[in-house]
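Visitor: Quick one: structure below, then a few questions.
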Amino acid sequence: MSTLLFIDSFDHYSTAQITRKWTSMSNASIVTSPVRTGTQAMQGGGGTFAYKTFGASYPELTAGAAYQVNGFNNYMLVFQNTPAGLTFYLQQVGDGRLQLYFSYGGQSVTSPPSTFVMAINRWYYFEIQATVTGGPPASVNATAQANGVNIITWTGTLSSAGLAGLQFNAVGLGGPGGGYSATVDDFYCTDTEYLGDVKIGVLYPFTPLGDTVQWSPSTVAAANYTMVNEHVADDDTTYNKAASTGLKDLYHLDQISPTFTGPIKGAQALWCVKKSDSGSATVQGGWKSGATEIDQSHGDNYTPPNGFSPSYTDYLYNRQAERNSLFTSSPWTVAEINGLQLGIIRTT
């Protein structure tokens with residue numbers, strides 16, 4: 001089973017909050033139309049408009065996203081090694097056909113174009129998978145899918161010096177120039193596995209109170225979960241705070257819709273935190289199912305054993321993605337997600 005690296009529905013934050021979750025962005029915005037699922041999507045143009053850099057490198061990456069464009073001539077899903085400059089992406093030929101591209105050190109190769117032809121202003125679910133090996137010469141063995149059907153299978157080879165040992169450490173979203181834009185929804189990235197055409201939903205803290213309630217709400221006598229279930233986050237307007245080490249909060253979550261069908265292919269916890277003053281402080285996320293609690297073990301900027309060090313001035317997401325259940329090592333079930341509590345503890 002693969003490792004789930006990152007997912008995004010784009011529903012739970014604003015344009016100004018994009019870089020709380022993505023490493024960088026340019027010419028990107030959060031929009032409410034067009035939207036494929038949920039309430040929001042990300043839109044951008046002029047090249048790669050959002051990048052996520054991981055804390056590790058991978059010889060193989062797989063990514064998928066719902067994608068709609070109002071003009072051709074752009075690349076769409078991108079894998080890179082930054083700052084080395086190793087680049088692989090799915091791009092449009094210019095007439096609705098697609099091809100794969102591999103470059104490094106001033107050299108580049110492209111696959112033959114697909115027989116598949118996309119239309120503008122229509123949703124498609126595109127996925128790419130690439131494995132880079134050797135070097136030099138180095139090869140990328142790659143495939144691309146549209147709506148679950150394979151459209152390209154290709155091996156591209158480069159002889160550029162310096163390729164030996166390079167792997168991918170970043171994923172990006174791309175859009176067209178010339179005043180056109182691409183809209184992206186329901187994004188995922190794994191280290192090996194196609195997940196298929198997926199829908200990503202957001203569950204917010206909800207009633208009743210969690211099993212442990214030790215943080216203090218910013219509004220006197222308010223229920224803790226009401227301070228942190230904003231759609232989107234209102235930052236310093238409502239929040240919970242922990243004045244000392246060891247304090248923990250747990251939160252029940254919204255229930256998955258009874259109309260949901262199909263398997264659950266992953267879950268990702270997000271804790272949006274900052275410090276209220278200068279000095280050192282750390283927090284750690286947690287998961288609770290039944291009587292079992294499991295402390296967060298990895299995530300963005302997570303450092304064992306104490307966890308995540310928030311910024312004094314900026315809210316940032318601490319994140320943990322899991323392909324399978326932490327409690328059973330089997331695929332997540334609806335009942336398990338509906339019974340889940342997420343927690344946060346101040347560790348120092």
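Chain labels run A, B, ... following the order of the structure tokens; each chain numbers its residues from 1, and ligands are numbered from 1 in the order shown.
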Report as a Markdown table: every residue of segment 78-190 of chain A with an atom at most 12 Å from segment 251-273 of chain A, its closest pair of atoms, and their distance in Å to one decimal, counting only C-alpha atoms, with rows sorted by chain and ascending residue number.
Guide:
```
| residue | atom | partner | partner_atom | distance |
| --- | --- | --- | --- | --- |
| A:Tyr188 | CA | A:Gly266 | CA | 9.6 |
| A:Cys189 | CA | A:Gly266 | CA | 10.9 |
| A:Thr190 | CA | A:Gly266 | CA | 10.4 |
```
Visitor: Pull the helix (DSSP H, G or I) assignments for segment 10-234 of chain A out of DSSP run on the backbone, and list those residues as a PyMOL selection string.
Guide: chain A and resi 15-20+224-227
Visitor: Could the residues in this selection be saved with C-alpha atoms as a PDB file, in the first residue's frame?
Guide:
```pdb
ATOM      1  CA  THR A  15      -6.849  32.905  -1.162  1.00  0.00           C
ATOM      2  CA  ALA A  16      -4.848  34.707   1.520  1.00  0.00           C
ATOM      3  CA  GLN A  17      -4.467  31.393   3.375  1.00  0.00           C
ATOM      4  CA  ILE A  18      -3.172  29.238   0.466  1.00  0.00           C
ATOM      5  CA  THR A  19       0.436  29.190   1.681  1.00  0.00           C
ATOM      6  CA  ARG A  20      -0.622  27.827   5.060  1.00  0.00           C
ATOM      7  CA  ASN A 224     -14.680  24.707  22.279  1.00  0.00           C
ATOM      8  CA  TYR A 225     -15.649  23.121  18.973  1.00  0.00           C
ATOM      9  CA  THR A 226     -17.529  26.298  17.933  1.00  0.00           C
ATOM     10  CA  MET A 227     -14.274  28.244  18.137  1.00  0.00           C
TER      11      MET A 227
END
```
Visitor: Provide the atom CA of Lys248 of chain A to atom CA of Ile344 of chain A distance in Å, to one decimal place.
Guide: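 A separation of 5.6 Å between them.
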Visitor: If we count only C-alpha atoms and set the cut-off at 10 Å, which residues sit around Asn169 of chain A, ignoring sequence neighbours fewer than 3 positions away in its own chain? Please answer as a list in words.
Guide: Lys52, Thr53, Phe54, Gly55, Ala56, Ser57, Tyr58, Pro59, Glu60, Leu61, Phe79, Gln80, Asn81, Thr82, Pro83, Leu86 and Leu166 of chain A
Visitor: Tell me which of A:Val184, A:Phe102, A:Gly174, A:Tyr125 sits closest to Ala41 of chain A, counting only C-alpha atoms.
Guide: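 Comparing A:Val184, A:Phe102, A:Gly174, A:Tyr125 against Ala41 of chain A, the winner is A:Val184.
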Visitor: Give the answer as one residue: which of A:Lys274, A:His231, A:Lys288, A:Arg346 has the shortest atom-to-atom distance to Tyr312 of chain A, using only C-alpha atoms?
Guide: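 Distance minimum relative to Tyr312 of chain A lands on A:Lys274.
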